[in-house]
There are 2 protein chains.
Amino acid sequence: MPKVGIEPIRRRQLINATMGAIDEAGLADATIVRIARRAGVSTGIISHYFGGKDGLLEATMRQILTDLGNAVGERRRRLADDSPRACIGAVIEGNFDRTQVTGPAAKTWLAFWTSSMHKPALARLQNVNDRRLYANLCFHFSRVMPRAQARDAARGLAAMIDGLWLRGALTPDGLDAESARRLAFACLDQLLAQHGGTPAAATGETHG
Amino acid sequence: MPKVGIEPIRRRQLINATMGAIDEAGLADATIVRIARRAGVSTGIISHYFGGKDGLLEATMRQILTDLGNAVGERRRRLADDSPRACIGAVIEGNFDRTQVTGPAAKTWLAFWTSSMHKPALARLQNVNDRRLYANLCFHFSRVMPRAQARDAARGLAAMIDGLWLRGALTPDGLDAESARRLAFACLDQLLAQHGGTPAAATGETHG
DNA sequence: CGTTGTTAATTGAACGTTCAATAAAAAGAT
DNA sequence: ATCTTTTTATTGAACGTTCAATTAACAACG
């Protein structure tokens, strides 16, 4: 029998190397030679474990979305109260979590977003993740405002979060997570205050 | 002498074909063969007029940024009052102008944004445009609030605008301009109301 | 008014490069 | 000894660039 337990290690190695390569050179120049060299293995391994380059890219995107979901999930699990502001705050905090904000993750996320416009496989992943985020926001907003306005609030906050990501990915020094959180929370509090805001919206200026 | 005045025509043809190709197949698959065929010319023309594919891409991006600047400029020129809300509103309206919202323009804009992370020539163009937008917003906000808050407001609104673009580009049917305008204006009015809002912020719900 | 020379515009095939994929050989662990 | 893992070399396709040849518009001249 061959090496045991090597597969998950190699897969993680290659996925991390893919993010690093995209961060370093962009998706267009993230060749399998570059990725393999960065992972310290040979090119053939990619086809062996992922069936090809596309498989590796899809797995990498899936990993990023999983990490994002976990970051949000953890924050929500640790919540003291289940007020709308707290729940939505967990979404914001999760989106600007350490693991998500790292240069490689942010650049890779944006690269896949762009790429998903013309690759159905990636588009599907992007779509389910996006719908989950939207539905989640929409649900919590609708607890304190009419359905129609909740939808707008969800769309607005989602756009704000993505916009901060977009601009953070372009910044050479990476995304300023603290600053981004502050702006996102300001947007959230405004949206909540707009429709019979809660006291927490007024007093909860500090949230870190 | 050969045809006179052909050069600007061909350049525009090729630039439009480039946007169409990117809209259709993405930047990665926007080959010179595809672009040339779409423009109804041969591949050699690209090198003849733009020095190569990179030159064409740079010219295309420059065109998009110019169009965006013109759209904003026109709106501002037609303003009745020069209140901060009106001026910033012109920026929003300009950003969601017809010519900017078209599928090809939106997808190309996003593709170049991603690409500019690793191509210095594109990064420079993106940078000057971004600074101009930010400085403009910052100036108008600082007329009704302290400098520090004006900076945050400008960053927030800029992120919101870009986020709406980002999500609009991914939507199959293209960006819903009216909906995007509404959300951006809601964000603007909240930002203005936050710091000694003007009466216009309260009454100016209709802006189309 | 017609002819001719000049010159830019345009074509399309050839070239060298680069890429992902593949297959067969080699290495390594049980 | 056997099966998985890994490497290496090779393949074929696709890319952007280049350039010699061709086309067509214009001006000058007869």
# chains A, B, ... in the order shown; residues from 1 in each chain; ligands from 1
>>> closest_atom_pairs(of="chain A", to="chain D", cutoff="8 Å", atoms="only C-alpha atoms (C1' of nucleotides)", output="Markdown table")
| residue | atom | partner | partner_atom | distance |
| --- | --- | --- | --- | --- |
| A:Met1 | CA | D:DC3 | C1' | 5.8 |
| A:Pro2 | CA | D:DT4 | C1' | 4.8 |
| A:Lys3 | CA | D:DT4 | C1' | 7.2 |
| A:Ser42 | CA | D:DT7 | C1' | 6.7 |
| A:Gly44 | CA | D:DT7 | C1' | 7.7 |
| A:Ile45 | CA | D:DT6 | C1' | 7.1 |
>>> write_last_selection(atoms="N, CA and C atoms", output="PDB file, in the first residue's frame")
ATOM      1  N   MET A   1       0.839  -1.218   0.000  1.00  0.00           N
ATOM      2  CA  MET A   1       0.000   0.000   0.000  1.00  0.00           C
ATOM      3  C   MET A   1       0.867   1.259   0.000  1.00  0.00           C
ATOM      4  N   PRO A   2       0.362   2.292  -0.604  1.00  0.00           N
ATOM      5  CA  PRO A   2       1.138   3.539  -0.724  1.00  0.00           C
ATOM      6  C   PRO A   2       0.992   4.410   0.511  1.00  0.00           C
ATOM      7  N   LYS A   3       1.554   5.594   0.418  1.00  0.00           N
ATOM      8  CA  LYS A   3       1.449   6.566   1.506  1.00  0.00           C
ATOM      9  C   LYS A   3       0.005   6.750   1.946  1.00  0.00           C
ATOM     10  N   SER A  42       5.354  18.473  -8.718  1.00  0.00           N
ATOM     11  CA  SER A  42       5.459  18.558 -10.176  1.00  0.00           C
ATOM     12  C   SER A  42       4.066  18.764 -10.780  1.00  0.00           C
ATOM     13  N   GLY A  44       2.344  17.191 -13.005  1.00  0.00           N
ATOM     14  CA  GLY A  44       1.467  16.048 -13.223  1.00  0.00           C
ATOM     15  C   GLY A  44       0.529  15.794 -12.054  1.00  0.00           C
ATOM     16  N   ILE A  45       0.971  16.192 -10.851  1.00  0.00           N
ATOM     17  CA  ILE A  45       0.172  15.976  -9.651  1.00  0.00           C
ATOM     18  C   ILE A  45      -1.197  16.640  -9.762  1.00  0.00           C
TER      19      ILE A  45
END
>>> select_by_dssp(residues="range 37-196 of chain B", states="helix (DSSP H, G or I)", output="VMD selection string")
chain B and resid 37 to 39 44 to 50 53 to 77 84 to 95 98 to 101 103 to 115 120 to 141 147 to 170 177 to 194
>>> interface_residues(of="chain B", to="chain A", cutoff="6 Å", atoms="only C-alpha atoms", output="list in words")
Met117, Ala159, Met160, Asp162, Gly163, Leu164 and Leu170 of chain B
>>> write_last_selection(atoms="C-alpha atoms", output="PDB file, in the first residue's frame")
ATOM      1  CA  MET B 117      -3.920  44.344 -10.143  1.00  0.00           C
ATOM      2  CA  ALA B 159     -17.620  51.340  -2.187  1.00  0.00           C
ATOM      3  CA  MET B 160     -21.390  51.254  -2.567  1.00  0.00           C
ATOM      4  CA  ASP B 162     -18.518  49.921  -7.054  1.00  0.00           C
ATOM      5  CA  GLY B 163     -20.366  47.163  -5.252  1.00  0.00           C
ATOM      6  CA  LEU B 164     -23.505  47.845  -7.245  1.00  0.00           C
ATOM      7  CA  LEU B 170     -22.536  39.482 -12.741  1.00  0.00           C
TER       8      LEU B 170
END
>>> closest_atom_pairs(of="chain C", to="chain B", cutoff="9 Å", atoms="only C-alpha atoms (C1' of nucleotides)", output="CSV")
residue,atom,partner,partner_atom,distance
C:DT6,C1',B:Met1,CA,6.9
C:DT7,C1',B:Met1,CA,5.3
C:DA8,C1',B:Pro2,CA,5.1
C:DA9,C1',B:Pro2,CA,6.8
C:DT10,C1',B:Ile45,CA,7.0
C:DT11,C1',B:Ser42,CA,6.5
C:DG12,C1',B:Ser42,CA,7.9
>>> write_last_selection(atoms="N, CA and C atoms (P, O5', C5', C4', C3', O3' and C1' of nucleotides)", output="PDB file, in the first residue's frame")
ATOM      1  P    DT C   6       6.617  57.754 -57.887  1.00  0.00           P
ATOM      2  O5'  DT C   6       5.832  57.980 -56.527  1.00  0.00           O
ATOM      3  C5'  DT C   6       5.143  59.221 -56.318  1.00  0.00           C
ATOM      4  C4'  DT C   6       4.241  59.122 -55.096  1.00  0.00           C
ATOM      5  C3'  DT C   6       4.819  58.325 -53.930  1.00  0.00           C
ATOM      6  O3'  DT C   6       4.782  59.107 -52.754  1.00  0.00           O
ATOM      7  C1'  DT C   6       2.613  57.613 -54.420  1.00  0.00           C
ATOM      8  P    DT C   7       5.703  58.673 -51.500  1.00  0.00           P
ATOM      9  O5'  DT C   7       4.561  58.229 -50.488  1.00  0.00           O
ATOM     10  C5'  DT C   7       3.298  58.913 -50.484  1.00  0.00           C
ATOM     11  C4'  DT C   7       2.260  58.086 -49.761  1.00  0.00           C
ATOM     12  C3'  DT C   7       2.828  57.149 -48.685  1.00  0.00           C
ATOM     13  O3'  DT C   7       2.061  57.261 -47.514  1.00  0.00           O
ATOM     14  C1'  DT C   7       1.420  55.960 -50.116  1.00  0.00           C
ATOM     15  P    DA C   8       2.696  56.847 -46.082  1.00  0.00           P
ATOM     16  O5'  DA C   8       1.378  56.431 -45.278  1.00  0.00           O
ATOM     17  C5'  DA C   8       0.277  57.321 -45.238  1.00  0.00           C
ATOM     18  C4'  DA C   8      -1.022  56.556 -45.406  1.00  0.00           C
ATOM     19  C3'  DA C   8      -1.326  55.563 -44.289  1.00  0.00           C
ATOM     20  O3'  DA C   8      -2.661  55.705 -43.889  1.00  0.00           O
ATOM     21  C1'  DA C   8      -1.356  54.441 -46.368  1.00  0.00           C
ATOM     22  P    DA C   9      -3.214  54.885 -42.629  1.00  0.00           P
ATOM     23  O5'  DA C   9      -3.959  53.676 -43.341  1.00  0.00           O
ATOM     24  C5'  DA C   9      -4.976  53.966 -44.288  1.00  0.00           C
ATOM     25  C4'  DA C   9      -5.546  52.678 -44.844  1.00  0.00           C
ATOM     26  C3'  DA C   9      -5.934  51.643 -43.792  1.00  0.00           C
ATOM     27  O3'  DA C   9      -7.201  51.101 -44.126  1.00  0.00           O
ATOM     28  C1'  DA C   9      -4.431  50.682 -45.345  1.00  0.00           C
ATOM     29  P    DT C  10      -7.960  50.191 -43.055  1.00  0.00           P
ATOM     30  O5'  DT C  10      -7.525  48.743 -43.513  1.00  0.00           O
ATOM     31  C5'  DT C  10      -7.798  48.335 -44.853  1.00  0.00           C
ATOM     32  C4'  DT C  10      -7.158  47.004 -45.141  1.00  0.00           C
ATOM     33  C3'  DT C  10      -7.281  45.946 -44.042  1.00  0.00           C
ATOM     34  O3'  DT C  10      -8.279  45.021 -44.454  1.00  0.00           O
ATOM     35  C1'  DT C  10      -5.145  45.913 -45.138  1.00  0.00           C
ATOM     36  P    DT C  11      -8.655  43.803 -43.485  1.00  0.00           P
ATOM     37  O5'  DT C  11      -7.856  42.630 -44.180  1.00  0.00           O
ATOM     38  C5'  DT C  11      -7.887  42.516 -45.597  1.00  0.00           C
ATOM     39  C4'  DT C  11      -6.802  41.573 -46.074  1.00  0.00           C
ATOM     40  C3'  DT C  11      -6.791  40.220 -45.376  1.00  0.00           C
ATOM     41  O3'  DT C  11      -7.217  39.217 -46.289  1.00  0.00           O
ATOM     42  C1'  DT C  11      -4.579  41.135 -45.636  1.00  0.00           C
ATOM     43  P    DG C  12      -7.959  37.890 -45.720  1.00  0.00           P
ATOM     44  O5'  DG C  12      -6.747  36.865 -45.638  1.00  0.00           O
ATOM     45  C5'  DG C  12      -5.852  36.770 -46.730  1.00  0.00           C
ATOM     46  C4'  DG C  12      -4.574  36.096 -46.278  1.00  0.00           C
ATOM     47  C3'  DG C  12      -4.773  34.909 -45.322  1.00  0.00           C
ATOM     48  O3'  DG C  12      -3.869  33.873 -45.681  1.00  0.00           O
ATOM     49  C1'  DG C  12      -3.279  36.443 -44.370  1.00  0.00           C
TER      50       DG C  12
END
>>> atom_distance(atom1="C1' of DA24 in chain C", atom2="CA of Ile15 in chain A")
27.0 Å
>>> atom_distance(atom1="CA of Asp67 in chain B", atom2="CA of Gly52 in chain B")
22.9 Å
>>> atom_distance(atom1="CA of Phe185 in chain A", atom2="CA of Gly69 in chain A")
19.2 Å
